[in-house]
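**Student:** What follows is upload-v8.cif, made up of mmCIF, C-alpha atoms (C1' of nucleotides) and all ligand atoms:
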```cif
data_input
#
loop_
_atom_site.label_atom_id
_atom_site.label_comp_id
_atom_site.auth_asym_id
_atom_site.auth_seq_id
_atom_site.Cartn_x
_atom_site.Cartn_y
_atom_site.Cartn_z
CA MET D 1222 184.02 124.82 122.68
CA ILE D 1223 181.43 127.29 123.92
CA ASN D 1224 181.74 128.82 127.37
CA TYR D 1225 178.42 128.48 129.16
CA THR D 1226 179.34 130.49 132.25
CA ASN D 1227 177.32 133.55 131.35
CA ILE D 1228 174.44 131.65 129.80
CA LEU D 1229 174.05 129.67 133.01
CA ARG D 1230 174.10 132.89 135.05
CA GLU D 1231 171.48 134.42 132.79
CA HIS D 1232 169.28 131.50 133.78
CA ASN D 1233 169.96 132.14 137.48
CA LEU D 1234 172.21 129.12 137.73
CA LYS D 1235 175.64 129.30 139.32
CA ALA D 1236 178.35 128.31 136.88
CA THR D 1237 179.81 125.30 138.64
CA PRO D 1238 182.26 122.95 136.90
CA GLN D 1239 179.63 120.20 136.99
CA ARG D 1240 177.06 122.38 135.28
CA LEU D 1241 179.53 123.60 132.69
CA ALA D 1242 180.33 119.98 131.93
CA ILE D 1243 176.64 119.10 131.62
CA ALA D 1244 176.11 122.02 129.25
CA ASP D 1245 179.13 120.92 127.27
CA GLU D 1246 177.90 117.37 126.86
CA LEU D 1247 174.43 118.55 125.88
CA TYR D 1248 176.00 120.82 123.29
CA LYS D 1249 178.19 118.08 121.89
CA LYS D 1250 175.65 115.25 121.90
CA GLY D 1251 172.52 117.28 121.22
CA HIS D 1252 170.13 115.00 123.11
CA ILE D 1253 171.07 112.90 126.13
CA SER D 1254 169.19 110.68 128.56
CA ILE D 1255 169.72 110.92 132.31
CA GLU D 1256 171.71 107.70 132.53
CA SER D 1257 173.92 108.53 129.54
CA LEU D 1258 174.61 111.93 131.02
CA TYR D 1259 175.56 110.35 134.34
CA GLU D 1260 177.99 107.98 132.65
CA LEU D 1261 179.58 110.84 130.73
CA MET D 1262 179.85 112.93 133.87
CA VAL D 1263 181.45 110.16 135.91
CA ASN D 1264 184.32 110.22 133.42
CA LYS D 1265 184.96 113.85 134.24
CA PHE D 1266 184.05 113.88 137.95
CA SER D 1267 184.71 110.44 139.33
CA SER D 1268 182.95 111.20 142.61
CA ILE D 1269 179.91 112.95 141.19
CA SER D 1270 176.64 111.95 142.76
CA LEU D 1271 173.67 110.82 140.71
CA ALA D 1272 171.62 113.17 142.86
CA THR D 1273 173.67 116.04 141.48
CA ILE D 1274 172.62 115.04 138.00
CA TYR D 1275 168.95 114.94 138.94
CA LYS D 1276 169.05 118.17 140.91
CA ASN D 1277 170.76 119.98 138.07
CA ILE D 1278 168.48 118.58 135.40
CA ASN D 1279 165.45 119.66 137.41
CA LEU D 1280 166.83 123.11 138.16
CA MET D 1281 167.89 123.60 134.57
CA LEU D 1282 164.42 122.60 133.42
CA GLU D 1283 162.75 124.98 135.87
CA ASN D 1284 164.96 127.81 134.67
CA SER D 1285 164.49 126.89 131.02
CA PHE D 1286 168.16 126.34 130.43
CA ILE D 1287 167.26 122.91 129.03
CA GLN D 1288 164.18 121.15 127.69
CA GLU D 1289 162.87 117.64 128.13
CA ILE D 1290 161.77 115.62 125.11
CA LYS D 1291 159.54 112.63 125.78
CA ILE D 1292 160.08 109.88 123.25
CA PRO D 1293 157.50 107.12 122.62
CA TYR D 1294 158.64 103.70 123.82
CA SER D 1295 161.88 105.18 125.12
CA LYS D 1296 163.45 107.26 127.86
CA SER D 1297 163.26 111.04 127.88
CA VAL D 1298 166.18 112.97 126.50
CA TYR D 1299 167.30 116.50 127.33
CA GLU D 1300 168.69 119.29 125.21
CA LEU D 1301 169.86 122.87 125.56
CA THR D 1302 166.95 125.24 125.09
CA GLN D 1303 166.74 126.54 121.55
CA ALA D 1304 164.14 127.71 119.08
CA PRO D 1305 161.09 125.40 119.06
CA HIS D 1306 161.57 122.45 116.77
CA SER D 1307 160.43 118.89 116.25
CA HIS D 1308 162.22 115.56 116.50
CA LEU D 1309 162.90 112.41 114.55
CA ALA D 1310 163.34 109.40 116.81
CA CYS D 1311 164.91 106.23 115.44
CA GLU D 1312 163.15 103.13 116.74
CA LYS D 1313 166.23 101.00 116.12
CA CYS D 1314 169.23 102.93 117.46
CA PHE D 1315 167.20 105.44 119.54
CA ALA D 1316 169.05 108.39 118.04
CA VAL D 1317 167.14 111.66 118.18
CA GLU D 1318 167.51 114.24 115.39
CA ASP D 1319 166.30 117.81 115.23
CA ILE D 1320 163.98 118.89 112.47
CA THR D 1321 162.36 122.24 111.89
CA ILE D 1322 158.77 122.00 110.77
CA ASP D 1323 156.35 124.87 110.40
CA LEU D 1324 153.27 123.96 112.44
CA ASN D 1325 151.61 127.36 112.28
CA SER D 1326 149.02 126.31 109.74
CA ILE D 1327 148.02 123.43 112.00
CA ILE D 1328 147.82 125.71 115.01
CA ASP D 1329 145.70 128.16 113.04
CA ILE D 1330 143.26 125.47 112.00
CA ILE D 1331 142.84 124.20 115.55
CA THR D 1332 142.49 127.70 116.94
CA LYS D 1333 139.64 128.32 114.53
CA GLU D 1334 137.96 124.95 115.01
CA SER D 1335 138.19 124.68 118.77
CA SER D 1336 138.51 127.02 121.72
CA PHE D 1337 141.68 125.41 123.01
CA LYS D 1338 144.50 127.95 123.41
CA ILE D 1339 147.73 126.37 122.21
CA THR D 1340 150.90 127.60 123.90
CA SER D 1341 153.41 125.01 122.73
CA THR D 1342 153.75 122.10 120.36
CA ASN D 1343 155.49 118.80 120.75
CA LEU D 1344 155.97 116.65 117.67
CA VAL D 1345 158.01 113.46 117.60
CA LEU D 1346 158.15 111.46 114.41
CA SER D 1347 159.25 107.87 114.95
CA GLY D 1348 160.81 105.65 112.34
CA ILE D 1349 164.15 104.45 111.02
CA CYS D 1350 167.10 106.77 110.59
CA GLU D 1351 169.35 106.82 107.56
CA ASN D 1352 172.13 104.82 109.20
CA CYS D 1353 169.81 102.07 110.39
CA GLN D 1354 168.30 101.67 106.94
CA LEU D 1355 171.68 100.59 105.59
CA GLY D 1356 172.60 97.92 108.14
CA MET Q 993 128.29 99.96 127.72
CA ILE Q 994 130.45 98.09 125.25
CA ASN Q 995 131.41 94.47 125.88
CA TYR Q 996 135.15 94.10 125.41
CA THR Q 997 135.32 90.34 125.81
CA ASN Q 998 135.88 89.56 122.15
CA ILE Q 999 138.08 92.57 121.49
CA LEU Q 1000 140.36 91.48 124.30
CA ARG Q 1001 140.49 87.96 122.89
CA GLU Q 1002 141.31 89.30 119.45
CA HIS Q 1003 144.35 90.87 121.07
CA ASN Q 1004 145.32 87.54 122.68
CA LEU Q 1005 144.24 88.70 126.09
CA LYS Q 1006 142.01 86.60 128.32
CA ALA Q 1007 138.83 88.42 129.17
CA THR Q 1008 139.10 88.63 132.93
CA PRO Q 1009 136.77 90.82 135.00
CA GLN Q 1010 139.72 93.07 135.86
CA ARG Q 1011 140.59 93.59 132.23
CA LEU Q 1012 137.00 94.21 131.25
CA ALA Q 1013 136.84 96.86 133.95
CA ILE Q 1014 140.07 98.47 132.75
CA ALA Q 1015 138.71 98.57 129.20
CA ASP Q 1016 135.49 100.03 130.50
CA GLU Q 1017 137.22 102.83 132.37
CA LEU Q 1018 139.44 103.63 129.40
CA TYR Q 1019 136.37 103.80 127.22
CA LYS Q 1020 134.49 106.06 129.62
CA LYS Q 1021 137.37 108.38 130.55
CA GLY Q 1022 139.21 108.34 127.25
CA HIS Q 1023 142.68 108.89 128.73
CA ILE Q 1024 143.79 107.72 132.17
CA SER Q 1025 147.05 107.70 134.09
CA ILE Q 1026 148.27 104.62 135.95
CA GLU Q 1027 147.45 106.00 139.38
CA SER Q 1028 143.99 107.21 138.38
CA LEU Q 1029 143.27 103.84 136.88
CA TYR Q 1030 144.38 102.10 140.05
CA GLU Q 1031 142.10 104.30 142.15
CA LEU Q 1032 139.17 103.58 139.86
CA MET Q 1033 139.86 99.87 139.93
CA VAL Q 1034 140.13 99.68 143.71
CA ASN Q 1035 136.52 100.85 143.82
CA LYS Q 1036 135.44 97.84 141.81
CA PHE Q 1037 137.93 95.26 143.11
CA SER Q 1038 138.86 96.21 146.63
CA SER Q 1039 141.69 93.69 146.80
CA ILE Q 1040 143.18 94.36 143.38
CA SER Q 1041 146.95 94.53 143.35
CA LEU Q 1042 148.82 97.45 141.86
CA ALA Q 1043 150.98 94.83 140.15
CA THR Q 1044 147.88 93.65 138.31
CA ILE Q 1045 147.43 97.14 136.91
CA TYR Q 1046 151.03 97.34 135.74
CA LYS Q 1047 151.07 93.82 134.32
CA ASN Q 1048 147.88 94.45 132.40
CA ILE Q 1049 148.91 97.86 131.12
CA ASN Q 1050 152.16 96.38 129.84
CA LEU Q 1051 150.49 93.35 128.26
CA MET Q 1052 147.80 95.51 126.69
CA LEU Q 1053 150.48 97.78 125.28
CA GLU Q 1054 152.46 94.84 123.87
CA ASN Q 1055 149.33 93.48 122.24
CA SER Q 1056 148.28 96.91 120.96
CA PHE Q 1057 144.99 96.85 122.82
CA ILE Q 1058 145.96 100.23 124.28
CA GLN Q 1059 148.41 103.01 123.52
CA GLU Q 1060 150.57 105.18 125.74
CA ILE Q 1061 150.59 108.94 125.29
CA LYS Q 1062 153.51 110.83 126.81
CA ILE Q 1063 152.53 114.30 127.92
CA PRO Q 1064 155.09 117.10 128.47
CA TYR Q 1065 155.49 118.05 132.13
CA SER Q 1066 153.00 115.39 133.14
CA LYS Q 1067 152.45 111.69 133.63
CA SER Q 1068 151.72 109.37 130.73
CA VAL Q 1069 148.12 108.53 129.99
CA TYR Q 1070 146.69 105.46 128.30
CA GLU Q 1071 143.84 105.00 125.84
CA LEU Q 1072 142.15 102.24 123.88
CA THR Q 1073 143.85 101.79 120.53
CA GLN Q 1074 142.09 103.70 117.79
CA ALA Q 1075 142.89 105.43 114.52
CA PRO Q 1076 146.03 107.57 114.81
CA HIS Q 1077 145.25 111.01 116.15
CA SER Q 1078 146.83 113.88 118.03
CA HIS Q 1079 146.21 115.34 121.47
CA LEU Q 1080 145.47 118.60 123.22
CA ALA Q 1081 146.87 118.65 126.75
CA CYS Q 1082 145.65 121.28 129.20
CA GLU Q 1083 148.49 122.63 131.32
CA LYS Q 1084 146.09 123.69 134.06
CA CYS Q 1085 143.70 120.78 134.65
CA PHE Q 1086 145.79 118.15 132.81
CA ALA Q 1087 142.81 117.01 130.76
CA VAL Q 1088 143.73 115.33 127.48
CA GLU Q 1089 141.51 115.74 124.42
CA ASP Q 1090 141.62 113.94 121.10
CA ILE Q 1091 142.05 115.89 117.90
CA THR Q 1092 142.36 114.61 114.37
CA ILE Q 1093 144.95 116.45 112.34
CA ASP Q 1094 146.15 115.52 108.89
CA LEU Q 1095 149.94 115.31 109.10
CA ASN Q 1096 150.47 113.72 105.70
CA SER Q 1097 151.75 116.88 104.08
CA ILE Q 1098 154.34 117.21 106.84
CA ILE Q 1099 155.37 113.59 106.44
CA ASP Q 1100 155.68 114.05 102.70
CA ILE Q 1101 157.92 117.07 103.08
CA ILE Q 1102 160.24 115.31 105.49
CA THR Q 1103 160.35 112.18 103.36
CA LYS Q 1104 161.50 114.30 100.44
CA GLU Q 1105 163.96 116.41 102.39
CA SER Q 1106 165.60 113.70 104.49
CA SER Q 1107 166.13 109.97 104.28
CA PHE Q 1108 164.43 109.25 107.57
CA LYS Q 1109 161.61 106.71 107.17
CA ILE Q 1110 158.66 107.81 109.30
CA THR Q 1111 156.46 105.03 110.64
CA SER Q 1112 154.38 106.91 113.21
CA THR Q 1113 153.67 110.40 114.43
CA ASN Q 1114 153.16 111.74 117.89
CA LEU Q 1115 151.82 115.26 118.28
CA VAL Q 1116 150.82 116.80 121.59
CA LEU Q 1117 149.68 120.41 121.66
CA SER Q 1118 149.85 121.95 125.10
CA GLY Q 1119 147.84 124.92 126.27
CA ILE Q 1120 144.66 125.86 128.09
CA CYS Q 1121 141.40 124.05 127.54
CA GLU Q 1122 138.05 125.76 127.12
CA ASN Q 1123 136.93 125.11 130.70
CA CYS Q 1124 140.11 126.46 132.24
CA GLN Q 1125 139.88 129.65 130.21
CA LEU Q 1126 136.62 130.51 131.93
CA GLY Q 1127 137.65 130.05 135.58
"C1'" DT Z 29 129.23 69.48 133.02
"C1'" DT Z 30 133.70 68.24 134.58
"C1'" DA Z 31 138.56 68.04 134.09
"C1'" DT Z 32 142.84 70.06 132.42
"C1'" DT Z 33 146.01 73.58 131.97
"C1'" DA Z 34 148.15 77.75 130.83
"C1'" DA Z 35 147.50 82.16 132.16
"C1'" DA Z 36 146.13 85.75 135.42
"C1'" DG Z 37 145.42 87.68 140.05
"C1'" DG Z 38 146.96 88.77 144.81
"C1'" DA Z 39 150.51 89.40 148.11
"C1'" DT Z 40 154.73 90.83 148.64
"C1'" DA Z 41 159.66 91.16 147.69
"C1'" DA Z 42 163.02 93.15 144.78
"C1'" DA Z 43 164.83 96.28 141.65
"C1'" DT Z 44 164.86 101.00 139.56
"C1'" DA Z 45 164.19 105.61 139.54
"C1'" DT Z 46 163.77 109.90 141.80
"C1'" DT Z 47 163.77 113.03 145.65
"C1'" DA Z 48 165.08 114.60 150.39
"C1'" DT Z 49 168.38 115.43 154.06
"C1'" DT Z 50 172.71 116.53 156.11
"C1'" DT Z 51 177.29 118.04 155.95
"C1'" DT Z 52 181.05 119.88 153.34
"C1'" DT Z 53 182.62 122.66 149.70
"C1'" DT Z 54 182.45 126.52 146.58
"C1'" DA Z 55 180.80 130.38 143.46
"C1'" DT Z 56 179.79 134.97 143.84
"C1'" DA Z 57 179.37 139.49 145.80
"C1'" DT Z 58 181.33 142.65 148.95
"C1'" DA I 939 190.15 138.21 151.88
"C1'" DT I 940 185.43 137.46 153.90
"C1'" DA I 941 180.75 136.37 154.13
"C1'" DT I 942 177.01 133.84 152.56
"C1'" DA I 943 173.77 131.54 149.89
"C1'" DA I 944 173.89 127.90 146.93
"C1'" DA I 945 175.72 123.59 145.18
"C1'" DA I 946 178.04 119.09 145.66
"C1'" DA I 947 178.68 114.70 147.87
"C1'" DA I 948 177.08 111.06 150.57
"C1'" DT I 949 173.46 108.78 151.78
"C1'" DA I 950 168.70 108.01 153.37
"C1'" DA I 951 164.10 107.98 152.08
"C1'" DT I 952 160.24 107.72 148.60
"C1'" DA I 953 158.26 106.55 144.58
"C1'" DT I 954 157.74 103.79 140.69
"C1'" DT I 955 158.00 99.56 138.30
"C1'" DT I 956 159.05 94.74 137.88
"C1'" DA I 957 159.74 89.94 139.61
"C1'" DT I 958 158.44 85.93 142.32
"C1'" DC I 959 155.53 82.66 144.39
"C1'" DC I 960 151.37 80.73 145.34
"C1'" DT I 961 146.33 80.63 144.51
"C1'" DT I 962 142.56 81.26 141.47
"C1'" DT I 963 140.35 81.22 137.09
"C1'" DA I 964 139.32 81.59 131.94
"C1'" DA I 965 139.52 78.86 128.05
"C1'" DT I 966 139.44 74.45 125.98
"C1'" DA I 967 138.35 69.87 125.40
"C1'" DA I 968 136.77 65.58 126.89
MN MN V 1401 166.15 118.91 119.70
MN MN V 1402 143.56 109.95 122.34
ZN ZN V 1403 168.88 104.54 113.85
ZN ZN V 1404 141.91 122.58 131.57
#
```
Could you rewrite the structure in this file as structure tokens?
**Tutor:**
Amino acid sequence: MINYTNILREHNLKATPQRLAIADELYKKGHISIESLYELMVNKFSSISLATIYKNINLMLENSFIQEIKIPYSKSVYELTQAPHSHLACEKCFAVEDITIDLNSIIDIITKESSFKITSTNLVLSGICENCQLG
Amino acid sequence: MINYTNILREHNLKATPQRLAIADELYKKGHISIESLYELMVNKFSSISLATIYKNINLMLENSFIQEIKIPYSKSVYELTQAPHSHLACEKCFAVEDITIDLNSIIDIITKESSFKITSTNLVLSGICENCQLG
DNA sequence: TTATTAAAGGATAAATATTATTTTTTATAT
DNA sequence: ATATAAAAAATAATATTTATCCTTTAATAA
């Protein structure tokens, strides 16, 4: 159980109980959609407003405390900011897994071939996760 | 000026003037957002309904006549279905360019390392396009 | 051609999703 | 402890997307 008080403050975000709970859920679940996060938060703060979720998600994004991952044919999920990495998205159960892939060779090739200056990469590989292959 | 009548029919879509115009704009512009497409279409069909845009985009997606591309920190854009490829997204002018990158080696590595079955890839490289580097 | 019909378009309502506003509460610094 | 700027809650307002209903039309077959 990590304490996110200082990490929030380092991102210029006041460490409110709601925000600590959001950070906690993101840490535990890894990747969460807005509506899932709201449901989880209602369990802890029965009177929490959906607007509080949205305001916090947007502020946390602006201050790079979290990142948004856009998934094809699905809702966006959010995660605590960490080292750049790619994602595996299950088309059946919609689970999202982290995967570290070295894309530097690809970036190098493009940088040589074109004059586009790449600042960040976003790779989502869709398919069927291990669990869903069994069922 | 390509005639999309038969291509639409091959995708089980009636070739209406509105759909032919949508196909035409997608062909000319390459990648268009919903709202841009609506603005373009209003020029050709002054009484077109926004619902017609949404219904057609959704039907065309279901029938694989077009594809959706989700762009980080930006609205989705749509394009005519073509061979799988990746995208360069300019963070300044929001232009989206096509780029063909061979991701097979990456897929192979993941297939060996994990038991996730990849069925499609989605790579968006964000940065600054050539034009925006000049200004 | 003309007739038939299922599908599509237009108008608009309804449902979702997101953001803004106002008041109350609270985290943080003094 | 106090002051204060920021955050939360409640709720209104927008924005986005989908559904409905009626009219029009593309596709098909007499
Ligand atoms: Mn991740
Ligand atoms: Mn493309
Ligand atoms: Zn799965
Ligand atoms: Zn640009």
**Student:** What's the 9 Å shell around Q:Glu1089, counting all atoms listed in the file, without same-chain residues fewer than 5 positions away, as a list in words?
**Tutor:**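 With the cut-off at 9 Å, the set is Gly1022, His1023, Ser1078, His1079, Leu1080, Ala1081, Cys1082 and Cys1121 of chain Q.
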**Student:** What residues in chain I have any atom no more than 9 Å from chain Q when counting only C-alpha atoms (C1' of nucleotides), and can you write them as a ChimeraX atom specification?
**Tutor:** /I:955-956,963-965
**Student:** Which residues of stretch 1019-1092 of chain Q sit at most 12 Å from stretch 1105-1116 of chain Q, using only C-alpha atoms? Give each one's shortest atom pair and distance in Å (one decimal place), in chain and ascending residue order, as a tab-separated table.
**Tutor:**
```
residue	atom	partner	partner_atom	distance
Q:Gln1059	CA	Q:Asn1114	CA	11.4
Q:Glu1060	CA	Q:Asn1114	CA	10.6
Q:Ile1061	CA	Q:Asn1114	CA	8.3
Q:Lys1062	CA	Q:Val1116	CA	8.4
Q:Ile1063	CA	Q:Val1116	CA	7.0
Q:Pro1064	CA	Q:Val1116	CA	8.1
Q:Tyr1065	CA	Q:Val1116	CA	11.6
Q:Ser1066	CA	Q:Val1116	CA	11.8
Q:Ser1068	CA	Q:Val1116	CA	11.8
Q:Ala1075	CA	Q:Ser1112	CA	11.7
Q:Pro1076	CA	Q:Thr1113	CA	8.2
Q:His1077	CA	Q:Leu1115	CA	8.1
Q:Ser1078	CA	Q:Leu1115	CA	5.2
Q:His1079	CA	Q:Val1116	CA	4.8
Q:Leu1080	CA	Q:Val1116	CA	5.9
Q:Ala1081	CA	Q:Val1116	CA	6.8
Q:Cys1082	CA	Q:Val1116	CA	10.2
Q:Glu1083	CA	Q:Val1116	CA	11.6
Q:Val1088	CA	Q:Val1116	CA	9.3
Q:Glu1089	CA	Q:Val1116	CA	9.8
Q:Asp1090	CA	Q:Val1116	CA	9.6
Q:Ile1091	CA	Q:Val1116	CA	9.6
Q:Thr1092	CA	Q:Leu1115	CA	10.3
```
**Student:** Quote the spacing between atom CA of D:Asn1352 and atom CA of D:Lys1250 in Å to one decimal place.
**Tutor:** 16.8 Å
**Student:** With 12 Å as the cut-off and only C-alpha atoms (C1' of nucleotides) counted, what is the closest atom pair between each nearby residue of stretch 995-1100 of chain Q and stretch 31-54 of chain Z? Distances in Å to one decimal, ordered by chain and number, as JSON lines.
**Tutor:**
```
{"residue": "Q:Asn1004", "atom": "CA", "partner": "Z:DA35", "partner_atom": "C1'", "distance": 11.1}
{"residue": "Q:Leu1005", "atom": "CA", "partner": "Z:DA35", "partner_atom": "C1'", "distance": 9.5}
{"residue": "Q:Lys1006", "atom": "CA", "partner": "Z:DA35", "partner_atom": "C1'", "distance": 8.0}
{"residue": "Q:Ala1007", "atom": "CA", "partner": "Z:DA36", "partner_atom": "C1'", "distance": 10.0}
{"residue": "Q:Thr1008", "atom": "CA", "partner": "Z:DA36", "partner_atom": "C1'", "distance": 8.0}
{"residue": "Q:Pro1009", "atom": "CA", "partner": "Z:DG37", "partner_atom": "C1'", "distance": 10.5}
{"residue": "Q:Gln1010", "atom": "CA", "partner": "Z:DG37", "partner_atom": "C1'", "distance": 8.9}
{"residue": "Q:Arg1011", "atom": "CA", "partner": "Z:DA36", "partner_atom": "C1'", "distance": 10.1}
{"residue": "Q:Phe1037", "atom": "CA", "partner": "Z:DG37", "partner_atom": "C1'", "distance": 11.1}
{"residue": "Q:Ser1038", "atom": "CA", "partner": "Z:DG38", "partner_atom": "C1'", "distance": 11.1}
{"residue": "Q:Ser1039", "atom": "CA", "partner": "Z:DG38", "partner_atom": "C1'", "distance": 7.5}
{"residue": "Q:Ile1040", "atom": "CA", "partner": "Z:DG38", "partner_atom": "C1'", "distance": 6.9}
{"residue": "Q:Ser1041", "atom": "CA", "partner": "Z:DG38", "partner_atom": "C1'", "distance": 5.9}
{"residue": "Q:Leu1042", "atom": "CA", "partner": "Z:DG38", "partner_atom": "C1'", "distance": 9.4}
{"residue": "Q:Ala1043", "atom": "CA", "partner": "Z:DG38", "partner_atom": "C1'", "distance": 8.6}
{"residue": "Q:Thr1044", "atom": "CA", "partner": "Z:DG37", "partner_atom": "C1'", "distance": 6.7}
{"residue": "Q:Ile1045", "atom": "CA", "partner": "Z:DG37", "partner_atom": "C1'", "distance": 10.2}
{"residue": "Q:Tyr1046", "atom": "CA", "partner": "Z:DG37", "partner_atom": "C1'", "distance": 12.0}
{"residue": "Q:Lys1047", "atom": "CA", "partner": "Z:DA36", "partner_atom": "C1'", "distance": 9.5}
{"residue": "Q:Asn1048", "atom": "CA", "partner": "Z:DA36", "partner_atom": "C1'", "distance": 9.4}
{"residue": "Q:Leu1051", "atom": "CA", "partner": "Z:DA36", "partner_atom": "C1'", "distance": 11.3}
```
**Student:** Given the choices D:Thr1332, D:Thr1302, D:Asn1264, D:Ser1347, which gets closest to ligand ZN 1403 (chain V) if the distance is worked out from only C-alpha atoms and all ligand atoms?
**Tutor:** D:Ser1347
**Student:** Tell me, in Å to one decimal, how far atom CA of Q:Val1069 is from atom CA of Q:Phe1057.
**Tutor:**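 Between atom CA of Q:Val1069 and atom CA of Q:Phe1057 the gap works out to 14.1 Å.
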**Student:** Could you check how far atom CA of D:Asp1245 sits from atom C1' of I:DT942, in Å to one decimal?
**Tutor:**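 Spanning atom CA of D:Asp1245 to atom C1' of I:DT942 is a straight-line distance of 28.5 Å.
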**Student:** Of the residues D:Ile1330, D:Leu1324, D:Cys1353, D:Leu1346, which is the one nearest to chain Q, using all atoms listed in the file?
**Tutor:**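 Smallest distance to chain Q is found for D:Leu1346.
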**Student:** How big is the axis-aligned box, and where does its centre sit, when it encloses all atoms of stretch 962-965 of chain I listed in the file and has 6 Å added on every side, reported in Å to one decimal as JSON?
**Tutor:**
```
{"center_x": 140.9, "center_y": 80.2, "center_z": 134.8, "size_x": 15.2, "size_y": 14.7, "size_z": 25.4}
```
